[in-house]
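Colleague: The file below is entry-v6.tsv, TSV, C-alpha atoms and all ligand atoms:
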```
chain	number	residue	atom	x	y	z
A	1	MET	CA	-8.70	-4.51	-17.66
A	2	ILE	CA	-10.37	-2.44	-14.94
A	3	ALA	CA	-8.24	-0.72	-12.29
A	4	ALA	CA	-8.51	1.98	-9.63
A	5	TRP	CA	-6.73	5.06	-11.01
A	6	THR	CA	-5.21	7.61	-8.60
A	7	ASN	CA	-5.45	11.10	-10.08
A	8	GLY	CA	-3.10	12.83	-7.62
A	9	TYR	CA	-2.31	13.21	-3.94
A	10	GLY	CA	-5.42	14.16	-1.98
A	11	ALA	CA	-8.94	13.10	-1.03
A	12	ALA	CA	-10.45	9.65	-1.62
A	13	ASP	CA	-12.61	10.91	-4.49
A	14	LEU	CA	-9.44	11.30	-6.58
A	15	LEU	CA	-9.69	7.54	-7.05
A	16	GLU	CA	-11.69	6.43	-10.06
A	17	LEU	CA	-12.28	3.21	-11.93
A	18	ARG	CA	-10.71	3.12	-15.40
A	19	GLU	CA	-10.07	0.75	-18.26
A	20	VAL	CA	-6.26	0.42	-18.42
A	21	PRO	CA	-3.95	-1.72	-20.58
A	22	GLU	CA	-2.84	-5.08	-19.20
A	23	PRO	CA	0.75	-4.77	-17.90
A	24	ALA	CA	3.30	-6.59	-20.12
A	25	LEU	CA	4.57	-9.90	-18.74
A	26	GLY	CA	8.37	-10.36	-18.41
A	27	ALA	CA	10.12	-13.72	-18.66
A	28	ASP	CA	10.47	-14.02	-14.88
A	29	GLU	CA	7.03	-12.65	-13.98
A	30	LEU	CA	3.59	-13.91	-13.00
A	31	ARG	CA	0.25	-12.48	-14.03
A	32	ILE	CA	-2.18	-12.78	-11.14
A	33	GLU	CA	-5.97	-12.44	-11.15
A	34	VAL	CA	-6.65	-10.45	-7.98
A	35	GLU	CA	-9.26	-11.85	-5.59
A	36	ALA	CA	-8.69	-9.57	-2.59
A	37	SER	CA	-6.51	-6.56	-1.76
A	38	PRO	CA	-6.55	-4.51	1.46
A	39	VAL	CA	-6.73	-0.75	1.94
A	40	THR	CA	-4.44	0.08	4.88
A	41	ALA	CA	-3.39	3.11	6.91
A	42	GLY	CA	-0.18	2.98	4.86
A	43	ASP	CA	-2.23	3.31	1.65
A	44	ILE	CA	-4.02	6.36	3.08
A	45	ARG	CA	-0.65	7.95	3.86
A	46	LEU	CA	0.47	7.30	0.29
A	47	ARG	CA	-2.75	8.63	-1.26
A	48	THR	CA	-2.59	11.83	0.79
A	49	ALA	CA	1.23	12.11	0.73
A	50	ASN	CA	0.96	12.42	4.50
A	51	PHE	CA	4.41	10.98	5.18
A	52	PRO	CA	5.31	11.40	8.87
A	53	GLY	CA	8.32	13.37	10.09
A	54	MET	CA	11.45	13.14	8.02
A	55	SER	CA	10.00	10.46	5.75
A	56	VAL	CA	8.25	13.25	3.78
A	57	PHE	CA	11.41	13.64	1.67
A	58	ILE	CA	11.94	9.90	1.15
A	59	GLY	CA	8.21	9.36	0.54
A	60	ARG	CA	7.88	12.02	-2.15
A	61	ALA	CA	11.17	10.94	-3.78
A	62	MET	CA	10.05	7.30	-3.84
A	63	PHE	CA	6.42	7.68	-4.82
A	64	GLY	CA	6.35	10.94	-6.81
A	65	ILE	CA	7.12	14.59	-6.04
A	66	PHE	CA	3.84	16.21	-7.18
A	67	GLY	CA	1.59	13.14	-7.47
A	68	PRO	CA	1.89	9.38	-7.35
A	69	ARG	CA	4.18	8.14	-10.11
A	70	ARG	CA	2.27	4.85	-10.24
A	71	LYS	CA	-1.38	5.53	-10.91
A	72	VAL	CA	-2.66	2.06	-10.04
A	73	GLN	CA	-1.86	1.62	-6.37
A	74	GLY	CA	-2.60	-1.14	-3.88
A	75	SER	CA	0.37	-3.21	-2.82
A	76	ILE	CA	-0.99	-6.40	-1.28
A	77	PHE	CA	-2.84	-9.13	-3.08
A	78	ALA	CA	-4.24	-12.62	-2.91
A	79	GLY	CA	-5.28	-14.25	-6.13
A	80	THR	CA	-4.64	-16.90	-8.76
A	81	VAL	CA	-1.82	-17.17	-11.29
A	82	VAL	CA	-3.27	-16.84	-14.81
A	83	GLU	CA	-0.04	-16.61	-16.85
A	84	VAL	CA	3.64	-17.33	-16.21
A	85	GLY	CA	6.71	-15.90	-18.00
A	86	ALA	CA	8.95	-18.18	-20.07
A	87	GLU	CA	11.65	-18.50	-17.39
A	88	VAL	CA	9.41	-18.96	-14.35
A	89	THR	CA	9.86	-22.06	-12.24
A	90	GLY	CA	8.02	-22.87	-9.04
A	91	PHE	CA	4.67	-21.35	-10.07
A	92	ALA	CA	2.09	-22.56	-12.59
A	93	VAL	CA	-1.20	-21.31	-14.00
A	94	GLY	CA	-3.96	-21.99	-11.47
A	95	ASP	CA	-1.76	-21.63	-8.36
A	96	ALA	CA	-3.37	-19.75	-5.48
A	97	VAL	CA	-0.86	-17.14	-4.29
A	98	PHE	CA	-0.54	-14.04	-2.09
A	99	GLY	CA	2.08	-11.41	-1.52
A	100	GLU	CA	3.16	-7.82	-1.80
A	101	SER	CA	4.24	-5.60	-4.63
A	102	LEU	CA	4.92	-1.85	-4.66
A	103	TRP	CA	1.78	-1.04	-6.67
A	104	GLY	CA	-0.82	-2.46	-9.04
A	105	ALA	CA	-3.03	-4.58	-6.78
A	106	TRP	CA	-6.22	-2.47	-7.04
A	107	ALA	CA	-6.92	-3.94	-10.45
A	108	GLN	CA	-8.34	-7.06	-12.01
A	109	ARG	CA	-4.84	-8.39	-12.63
A	110	LEU	CA	-1.30	-7.45	-11.66
A	111	VAL	CA	2.14	-8.60	-12.74
A	112	VAL	CA	4.82	-9.41	-10.15
A	113	SER	CA	8.32	-10.87	-10.24
A	114	ALA	CA	8.22	-14.60	-9.54
A	115	SER	CA	11.28	-14.15	-7.31
A	116	GLY	CA	9.67	-11.24	-5.41
A	117	ALA	CA	7.46	-11.16	-2.32
A	118	VAL	CA	4.99	-13.82	-3.45
A	119	ALA	CA	4.25	-17.31	-2.13
A	120	HIS	CA	1.74	-20.09	-2.49
A	121	ARG	CA	-1.38	-19.75	-0.39
A	122	PRO	CA	-1.55	-22.72	1.98
A	123	ASP	CA	-4.39	-25.20	1.40
A	124	GLY	CA	-7.55	-24.11	3.15
A	125	VAL	CA	-6.47	-20.47	3.54
A	126	ASP	CA	-8.98	-18.22	1.76
A	127	ALA	CA	-8.02	-15.12	-0.23
A	128	ALA	CA	-9.23	-12.64	2.40
A	129	THR	CA	-7.22	-14.29	5.20
A	130	ALA	CA	-4.10	-14.41	3.01
A	131	ALA	CA	-4.51	-10.81	1.76
A	132	ALA	CA	-4.92	-9.60	5.34
A	133	ALA	CA	-1.54	-10.98	6.47
A	134	PRO	CA	1.32	-9.23	4.61
A	135	TYR	CA	0.75	-5.65	5.83
A	136	GLY	CA	0.44	-6.17	9.58
A	137	GLY	CA	2.00	-9.63	9.67
A	138	GLY	CA	5.02	-8.64	7.58
A	139	THR	CA	5.56	-5.47	9.62
A	140	ALA	CA	5.25	-7.31	12.94
A	141	LEU	CA	7.55	-10.09	11.73
A	142	HIS	CA	10.18	-7.55	10.72
A	143	PHE	CA	10.03	-5.45	13.88
A	144	LEU	CA	9.50	-8.12	16.52
A	145	LYS	CA	11.53	-11.02	15.14
A	146	GLU	CA	14.18	-9.42	12.95
A	147	ALA	CA	14.74	-6.00	14.56
A	148	ALA	CA	14.02	-6.73	18.24
A	149	SER	CA	14.76	-10.51	18.33
A	150	VAL	CA	11.88	-11.15	20.73
A	151	GLN	CA	12.59	-14.28	22.79
A	152	PRO	CA	10.19	-16.72	24.45
A	153	GLY	CA	9.05	-15.42	27.82
A	154	GLU	CA	9.83	-11.77	27.07
A	155	ARG	CA	7.17	-9.16	27.83
A	156	VAL	CA	5.97	-7.14	24.86
A	157	LEU	CA	3.83	-4.00	25.10
A	158	VAL	CA	1.90	-3.20	21.91
A	159	ILE	CA	0.58	0.38	21.79
A	160	GLY	CA	-2.08	0.69	19.09
A	161	ALA	CA	-2.78	-3.04	19.22
A	162	GLY	CA	-6.22	-2.78	17.62
A	163	GLY	CA	-5.01	-1.36	14.30
A	164	GLY	CA	-3.70	-2.87	11.08
A	165	VAL	CA	-0.19	-3.56	12.36
A	166	GLY	CA	-1.16	-4.02	16.01
A	167	ARG	CA	-3.57	-6.92	15.47
A	168	TYR	CA	-0.73	-8.87	13.90
A	169	ALA	CA	1.88	-7.62	16.38
A	170	VAL	CA	-0.17	-9.29	19.13
A	171	GLN	CA	-0.35	-12.56	17.18
A	172	VAL	CA	3.28	-12.56	16.02
A	173	ALA	CA	4.53	-11.80	19.54
A	174	LYS	CA	2.51	-14.80	20.76
A	175	VAL	CA	4.00	-17.02	18.03
A	176	LEU	CA	7.44	-15.91	19.25
A	177	GLY	CA	6.47	-17.02	22.77
A	178	ALA	CA	6.16	-13.58	24.37
A	179	HIS	CA	3.75	-12.35	27.05
A	180	VAL	CA	1.68	-9.60	25.39
A	181	THR	CA	0.10	-6.48	26.87
A	182	ALA	CA	-2.12	-4.78	24.30
A	183	VAL	CA	-3.16	-1.11	24.56
A	184	ASP	CA	-5.98	0.49	22.59
A	185	ARG	CA	-9.58	1.60	23.04
A	186	GLU	CA	-11.63	-0.33	25.60
A	187	ARG	CA	-14.15	-1.37	22.93
A	188	LYS	CA	-11.42	-3.48	21.24
A	189	ARG	CA	-10.79	-5.55	24.38
A	190	ASP	CA	-12.64	-8.72	23.30
A	191	MET	CA	-11.06	-8.65	19.85
A	192	LEU	CA	-7.57	-8.31	21.36
A	193	LEU	CA	-8.15	-11.10	23.88
A	194	GLY	CA	-9.43	-13.22	20.97
A	195	LEU	CA	-6.19	-12.56	19.07
A	196	GLY	CA	-4.19	-13.88	22.04
A	197	ALA	CA	-3.27	-10.81	24.12
A	198	ASP	CA	-2.52	-11.80	27.72
A	199	VAL	CA	-3.46	-8.42	29.15
A	200	VAL	CA	-5.52	-5.64	27.54
A	201	ARG	CA	-5.33	-2.05	28.77
A	202	ASP	CA	-7.60	0.87	28.00
A	203	ARG	CA	-5.56	3.69	26.52
A	204	GLU	CA	-7.76	6.32	28.20
A	205	SER	CA	-7.22	5.13	31.75
A	206	TRP	CA	-3.84	3.37	31.78
A	207	ASP	CA	-0.41	4.96	31.59
A	208	PHE	CA	2.22	2.33	30.76
A	209	ARG	CA	4.88	4.40	32.54
A	210	THR	CA	3.29	3.43	35.86
A	211	ALA	CA	3.90	-0.29	35.21
A	212	GLY	CA	7.53	-0.29	36.36
A	213	ALA	CA	10.55	-1.43	34.35
A	214	CYS	CA	8.86	-4.63	33.17
A	215	PHE	CA	8.71	-4.58	29.35
A	216	ASP	CA	11.43	-6.10	27.19
A	217	VAL	CA	9.87	-4.53	24.10
A	218	ILE	CA	7.60	-1.51	23.64
A	219	PHE	CA	6.16	-1.44	20.12
A	220	ASP	CA	4.84	2.11	19.68
A	221	ILE	CA	2.67	1.53	16.62
A	222	ALA	CA	0.36	4.47	17.41
A	223	ASP	CA	3.38	6.83	17.58
A	224	VAL	CA	2.23	8.31	20.87
A	225	THR	CA	5.35	8.12	22.99
A	226	SER	CA	9.13	8.18	22.63
A	227	PHE	CA	12.21	6.28	23.68
A	228	SER	CA	12.96	8.71	26.51
A	229	GLU	CA	9.39	8.49	27.86
A	230	SER	CA	9.44	4.69	27.54
A	231	ARG	CA	12.71	4.04	29.37
A	232	VAL	CA	11.04	3.94	32.78
A	233	ALA	CA	8.91	0.98	31.62
A	234	LEU	CA	11.69	-0.88	29.79
A	235	THR	CA	13.94	-3.53	31.32
A	236	GLU	CA	17.71	-2.89	31.31
A	237	THR	CA	18.02	-4.40	27.83
A	238	GLY	CA	14.56	-3.28	26.65
A	239	ARG	CA	13.91	-2.20	23.05
A	240	TYR	CA	11.66	0.68	22.00
A	241	LEU	CA	10.35	0.17	18.45
A	242	SER	CA	9.11	3.04	16.29
A	243	LEU	CA	7.42	2.84	12.90
A	244	SER	CA	7.79	6.56	12.22
A	245	LEU	CA	11.02	8.20	11.20
A	246	GLY	CA	11.67	11.40	13.16
A	247	LEU	CA	14.81	13.23	14.24
A	248	ARG	CA	14.25	12.20	17.85
A	249	VAL	CA	14.12	8.45	17.22
A	250	LEU	CA	17.02	8.68	14.76
A	251	PHE	CA	19.13	10.39	17.39
A	252	ASP	CA	18.06	7.86	20.07
A	253	MET	CA	18.83	4.98	17.72
A	254	LEU	CA	22.34	6.29	16.97
A	255	ARG	CA	23.23	6.87	20.58
A	256	THR	CA	21.89	3.51	21.85
A	257	ARG	CA	23.06	1.22	19.06
A	258	ARG	CA	26.07	0.02	21.09
A	259	GLY	CA	26.53	-0.79	24.76
A	260	GLY	CA	24.03	-3.59	25.34
A	261	GLY	CA	21.56	-1.46	27.31
A	262	GLN	CA	18.14	-0.08	26.40
A	263	ARG	CA	17.80	0.59	22.67
A	264	ALA	CA	15.65	2.65	20.30
A	265	ILE	CA	14.91	1.11	16.92
A	266	PHE	CA	13.32	2.63	13.83
A	267	SER	CA	13.05	0.55	10.70
A	268	VAL	CA	11.05	0.03	7.53
A	269	ALA	CA	9.51	-3.37	6.86
A	270	MET	CA	10.22	-4.50	3.31
A	271	ALA	CA	8.40	-7.60	2.15
A	272	SER	CA	10.47	-10.38	0.60
A	273	ARG	CA	9.90	-13.91	-0.64
A	274	GLU	CA	11.23	-15.14	2.72
A	275	SER	CA	8.89	-12.98	4.81
A	276	ILE	CA	5.82	-13.99	2.77
A	277	GLU	CA	6.83	-17.65	3.12
A	278	VAL	CA	7.11	-17.30	6.90
A	279	LEU	CA	3.59	-15.80	6.92
A	280	ALA	CA	2.38	-18.70	4.75
A	281	THR	CA	3.76	-21.16	7.30
A	282	TRP	CA	2.05	-19.34	10.16
A	283	LEU	CA	-1.21	-19.10	8.20
A	284	ALA	CA	-1.06	-22.84	7.50
A	285	ALA	CA	-0.54	-23.49	11.21
A	286	GLY	CA	-3.53	-21.31	12.08
A	287	HIS	CA	-1.39	-18.78	14.00
A	288	LEU	CA	-2.65	-15.67	12.15
A	289	ALA	CA	-6.33	-14.76	12.13
A	290	PRO	CA	-7.63	-11.76	10.19
A	291	VAL	CA	-10.13	-9.27	11.53
A	292	VAL	CA	-11.99	-8.22	8.39
A	293	ALA	CA	-14.42	-5.31	8.71
A	294	ASP	CA	-15.73	-5.48	5.14
A	295	CYS	CA	-14.92	-6.37	1.57
A	296	LEU	CA	-16.16	-3.93	-1.10
A	297	PRO	CA	-16.19	-4.21	-4.87
A	298	LEU	CA	-13.20	-2.55	-6.54
A	299	GLU	CA	-15.54	0.09	-7.99
A	300	ASP	CA	-16.16	1.27	-4.40
A	301	ILE	CA	-12.46	1.86	-3.76
A	302	ALA	CA	-13.05	5.49	-2.68
A	303	GLN	CA	-15.64	4.31	-0.13
A	304	ALA	CA	-13.13	1.71	1.13
A	305	HIS	CA	-10.62	4.52	1.73
A	306	VAL	CA	-13.22	6.58	3.59
A	307	LEU	CA	-14.05	3.59	5.84
A	308	VAL	CA	-10.37	3.29	6.79
A	309	GLU	CA	-10.13	7.05	7.39
A	310	ASP	CA	-13.24	6.82	9.60
A	311	ARG	CA	-11.29	4.40	11.85
A	312	VAL	CA	-13.39	1.30	11.22
A	313	VAL	CA	-12.18	-1.58	13.40
A	314	GLY	CA	-10.78	-4.34	11.19
A	315	LEU	CA	-9.35	-4.59	7.73
A	316	VAL	CA	-11.13	-3.25	4.66
A	317	LEU	CA	-10.60	-5.26	1.48
A	318	VAL	CA	-11.54	-4.60	-2.13
A	319	SER	CA	-12.23	-7.26	-4.68
A	320	PRO	CA	-12.58	-6.93	-8.46
A	321	SER	CA	-14.98	-9.87	-8.81
A	322	ARG	CA	-18.40	-10.36	-7.22
A	323	GLU	CA	-17.67	-14.04	-6.45
A	324	SER	CA	-14.42	-13.40	-4.57
A	325	MET	CA	-16.01	-10.42	-2.81
A	326	ALA	CA	-18.80	-12.68	-1.55
A	327	ARG	CA	-16.22	-15.22	-0.30
A	328	SER	CA	-14.22	-12.48	1.46
A	329	ARG	CA	-17.39	-11.15	3.07
A	330	GLU	CA	-17.90	-14.56	4.67
A	331	VAL	CA	-14.63	-13.96	6.57
A	332	ALA	CA	-15.82	-10.53	7.81
B	1	LIG	N1	7.86	1.62	9.21
B	1	LIG	C1	7.18	0.69	8.58
B	1	LIG	O1	7.73	-0.21	7.96
B	1	LIG	C2	5.67	0.72	8.63
B	1	LIG	C3	4.95	-0.40	8.18
B	1	LIG	C4	3.56	-0.39	8.28
B	1	LIG	C5	2.91	0.73	8.80
B	1	LIG	N2	3.64	1.81	9.18
B	1	LIG	C6	2.98	2.99	9.79
B	1	LIG	O2	2.56	2.58	11.08
B	1	LIG	C7	1.46	3.37	11.50
B	1	LIG	C8	0.38	2.47	12.09
B	1	LIG	O3	-0.17	1.67	11.06
B	1	LIG	P1	-1.53	0.87	11.28
B	1	LIG	O4	-1.92	0.32	9.97
B	1	LIG	O5	-1.41	-0.05	12.43
B	1	LIG	O6	-2.51	2.08	11.66
B	1	LIG	P2	-3.99	1.98	12.23
B	1	LIG	O7	-4.71	0.84	11.61
B	1	LIG	O8	-4.54	3.35	12.13
B	1	LIG	O9	-3.75	1.59	13.76
B	1	LIG	C9	-3.34	2.48	14.77
B	1	LIG	C10	-4.01	2.01	16.05
B	1	LIG	O10	-3.52	2.80	17.13
B	1	LIG	C11	-4.66	3.17	17.91
B	1	LIG	N3	-4.30	4.34	18.71
B	1	LIG	C12	-4.36	5.66	18.36
B	1	LIG	N4	-3.95	6.42	19.40
B	1	LIG	C13	-3.64	5.58	20.41
B	1	LIG	C14	-3.14	5.76	21.75
B	1	LIG	N5	-2.94	6.98	22.27
B	1	LIG	N6	-2.92	4.65	22.50
B	1	LIG	C15	-3.15	3.40	22.01
B	1	LIG	N7	-3.62	3.18	20.77
B	1	LIG	C16	-3.85	4.25	19.97
B	1	LIG	C17	-5.75	3.40	16.90
B	1	LIG	O11	-7.04	3.40	17.48
B	1	LIG	P3	-8.27	4.26	16.81
B	1	LIG	O12	-8.18	4.06	15.34
B	1	LIG	O13	-9.50	3.63	17.40
B	1	LIG	O14	-8.05	5.67	17.21
B	1	LIG	C18	-5.52	2.17	16.02
B	1	LIG	O15	-6.14	1.02	16.56
B	1	LIG	C19	1.02	4.15	10.27
B	1	LIG	O16	1.50	5.47	10.42
B	1	LIG	C20	1.70	3.46	9.11
B	1	LIG	O17	1.95	4.35	8.05
B	1	LIG	C21	5.00	1.84	9.11
```
Can the structure from this file be put into structure tokens for me?
Modeller:
Amino acid sequence: MIAAWTNGYGAADLLELREVPEPALGADELRIEVEASPVTAGDIRLRTANFPGMSVFIGRAMFGIFGPRRKVQGSIFAGTVVEVGAEVTGFAVGDAVFGESLWGAWAQRLVVSASGAVAHRPDGVDAATAAAAPYGGGTALHFLKEAASVQPGERVLVIGAGGGVGRYAVQVAKVLGAHVTAVDRERKRDMLLGLGADVVRDRESWDFRTAGACFDVIFDIADVTSFSESRVALTETGRYLSLSLGLRVLFDMLRTRRGGGQRAIFSVAMASRESIEVLATWLAAGHLAPVVADCLPLEDIAQAHVLVEDRVVGLVLVSPSRESMARSREVA
């Protein structure tokens, strides 16, 4: 089969299309024909080994010291089951599915555990919409619902709301019943209002620290502030959420974990069957809309990476087949 092969850590042109062997199928695994797979800011970090702060050690240990251990990357997929292992129950050939794996999605087919982070795609949800959800949706679900326990009526500030995680943070916070203030570039205002933000602020002209102690949650997706800087804008029990592991947030997290006051939280979102099923329910209910910038053929994977690095607004997808690419482009 054809796959995007990563020749080492570095520039986008290290990615090349190659003929690779089909992965073997285990008894509890599914073989999935990929229809759409996103290229995210997280993928760029992995390709360049640009792991922030202290996560450089964990990142290199997990993904490869001198180069990526897994040469076919891409972790999120939407597609169709084409083969099931002997012990698989709950999935059959022909099922439309989506989910997340650690690697292997930038290929014509990938193999995933049937008990892993994979779920049926709800009726009427196209591959592009489903493939867009796990990265930002899964991260927002983990941070806002599981880590910060956002409650209806709480006020959530999303910094970096126009990016891959932020667009879903706005939507997930709304599903949880929060009032959402979204911060990013002014040119993303209409998109953010369309995703459900109650208030949109221009990052160039607005300083959230002047808002008073009004936010129950500050989700610092852009990694531009800190717990200590945020405290003035947090309520007495407000939570500051960080996606980047650094000494400062680790220290703040340790010293605020007890006491019931303001808290700093760093975490890592790990996709699971349960999280993908929650996203499937929200997709079925029409709560999560994608913002797709473009869908390119898999052979243009390097160009897809460059688009993301050039800060295109919206998600960039790749698709191994011309037909599914054309369908995904209709969503863009
Ligand atoms: N811990 C975890 O589990 C986890 C999970 C997923 C992602 N991550 C990490 O989270 C980070 C964000 O991911 P992402 O996919 O959302 O990245 P992204 O798509 O690059 O989005 C970042 C957004 O922040 C905006 N921004 C930059 N500076 C800003 C500022 N000063 N104020 C307000 N907005 C600002 C960017 O705007 P412009 O592009 O227009 O400048 C962009 O819209 C990445 O480092 C990723 O690796 C961590």
Colleague: Considering all atoms listed in the file, state which residue in the set A:Gln262, A:Ser205, A:Ser328, A:Ser272 is at the smallest distance from Ala233 in chain A.
Modeller: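 Counting all atoms listed in the file, the residue closest to Ala233 in chain A is A:Gln262.
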Colleague: Could you tell me, counting only C-alpha atoms and all ligand atoms, which protein and nucleic acid residues lie no more than 7 Å from ligand LIG 1 (chain B), written as an MDAnalysis selection string?
Modeller: chainID A and resid 40:42 45 135:136 139 159:166 183:185 203 221:222 224 243:244 267:270 311
Colleague: With all atoms listed in the file as the basis for distance, which of A:Tyr240, A:Tyr168, A:Trp103, A:Phe251 is at the shortest distance from Leu279 in chain A?
Modeller: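 Selected residue with least distance to Leu279 in chain A: A:Tyr168.
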Colleague: Ranking A:Leu247, A:Val175, A:Leu17, A:Met1 by minimum distance to Pro297 in chain A and counting all atoms listed in the file, which one comes first?
Modeller: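 Counting all atoms listed in the file, the residue closest to Pro297 in chain A is A:Leu17.
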Colleague: Please, what distance in Å, to one decimal, runs between CA of Leu193 in chain A and CA of Phe219 in chain A?
Modeller: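 Going from CA of Leu193 in chain A over to CA of Phe219 in chain A covers 17.7 Å.
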Colleague: Mind giving me the straight-line distance from CA of Ala92 in chain A to CA of Ala132 in chain A in Å, one decimal?
Modeller: 23.2 Å
Colleague: Compute the distance from (-12.2, 0.0, -5.0) to each atom, counting only C-alpha atoms, keep the residues with any atom at most 8 Å away, and return them as a list in words; use the coordinates of the file.
Modeller: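 Applying the cut-off with only C-alpha atoms, one gets Ala4, Leu17, Trp106, Leu296, Pro297, Leu298, Glu299, Asp300, Ile301, Ala302, Gln303, Ala304, Val318, Ser319 and Pro320 of chain A.
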Colleague: Tell me which protein, DNA and RNA residues are within 9 Å of Pro38 in chain A, counting only C-alpha atoms, leaving out same-chain ones fewer than 4 positions away, and put them as JSON, numbers by chain.
Modeller: {"A": [43, 74, 75, 76, 77, 105, 106, 128, 131, 132, 135, 295, 315, 316, 317, 318, 319]}
Colleague: Between A:Cys214, A:Ile32, A:Ala107, A:Ala96, which has the minimum distance to Pro122 in chain A (counting only C-alpha atoms)?
Modeller: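 When distances to Pro122 in chain A are compared using only C-alpha atoms, the smallest one comes from A:Ala96.
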Colleague: Considering all atoms listed in the file, state which residue in the set A:Val72, A:Ile44, A:Ala289, A:Val170 is at the smallest distance from Leu141 in chain A.
Modeller: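 Residue with the minimum atom-to-atom distance to Leu141 in chain A: A:Val170.
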Colleague: Measuring atom to atom with all atoms listed in the file, identify which of A:Glu330, A:Asp190, A:Glu229, A:Glu323 is nearest to Val34 in chain A.
Modeller: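 Among A:Glu330, A:Asp190, A:Glu229, A:Glu323, it is A:Glu323 that comes nearest to Val34 in chain A.
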Colleague: Dig up all the protein and nucleic acid residues within 7 Å of (-9.7, -2.1, 28.7) in the file frame, using all atoms listed in the file, and format them as a list in words.
Modeller: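 Residues with an atom at most 7 Å from (-9.7, -2.1, 28.7): Arg185, Glu186, Arg189, Val200, Arg201 and Asp202 of chain A.
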Colleague: Taking 2 positions as the minimum chain separation for residues in the same chain, which residues sit within 8 Å of Phe227 in chain A when counting all atoms listed in the file? Answer as a PDB file with C-alpha atoms, in the coordinates of the input.
Modeller:
```
ATOM      1  CA  THR A 225       5.350   8.120  22.990  1.00  0.00           C
ATOM      2  CA  GLU A 229       9.390   8.490  27.860  1.00  0.00           C
ATOM      3  CA  SER A 230       9.440   4.690  27.540  1.00  0.00           C
ATOM      4  CA  ARG A 231      12.710   4.040  29.370  1.00  0.00           C
ATOM      5  CA  TYR A 240      11.660   0.680  22.000  1.00  0.00           C
ATOM      6  CA  VAL A 249      14.120   8.450  17.220  1.00  0.00           C
ATOM      7  CA  ASP A 252      18.060   7.860  20.070  1.00  0.00           C
ATOM      8  CA  ALA A 264      15.650   2.650  20.300  1.00  0.00           C
TER       9      ALA A 264
END
```
Colleague: Please identify all polymer residues within 8 Å of Val112 in chain A, counting all atoms listed in the file, omitting same-chain residues fewer than 5 positions from it, and present them as a PyMOL selection string.
Modeller: chain A and resi 29-32+101
Colleague: Write out as a ChimeraX atom specification the residues lying within 9 Å of Lys71 in chain A, counting only C-alpha atoms and excluding same-chain residues fewer than 5 positions away.
Modeller: /A:4-8,103-104
Colleague: Have a look at CA of Asn50 in chain A and CA of Arg248 in chain A and let me know their distance in Å, one decimal.
Modeller: 18.8 Å
Colleague: Would you place a box with edges along x, y and z of the file around all atoms of range 304-319 of chain A listed there, add 3 Å to each of its six sides, and report the centre and edge lengths in Å to one decimal, as AutoDock Vina command-line options?
Modeller:
```
--center_x -11.7 --center_y -0.1 --center_z 4.4 --size_x 10.7 --size_y 20.3 --size_z 24.1
```
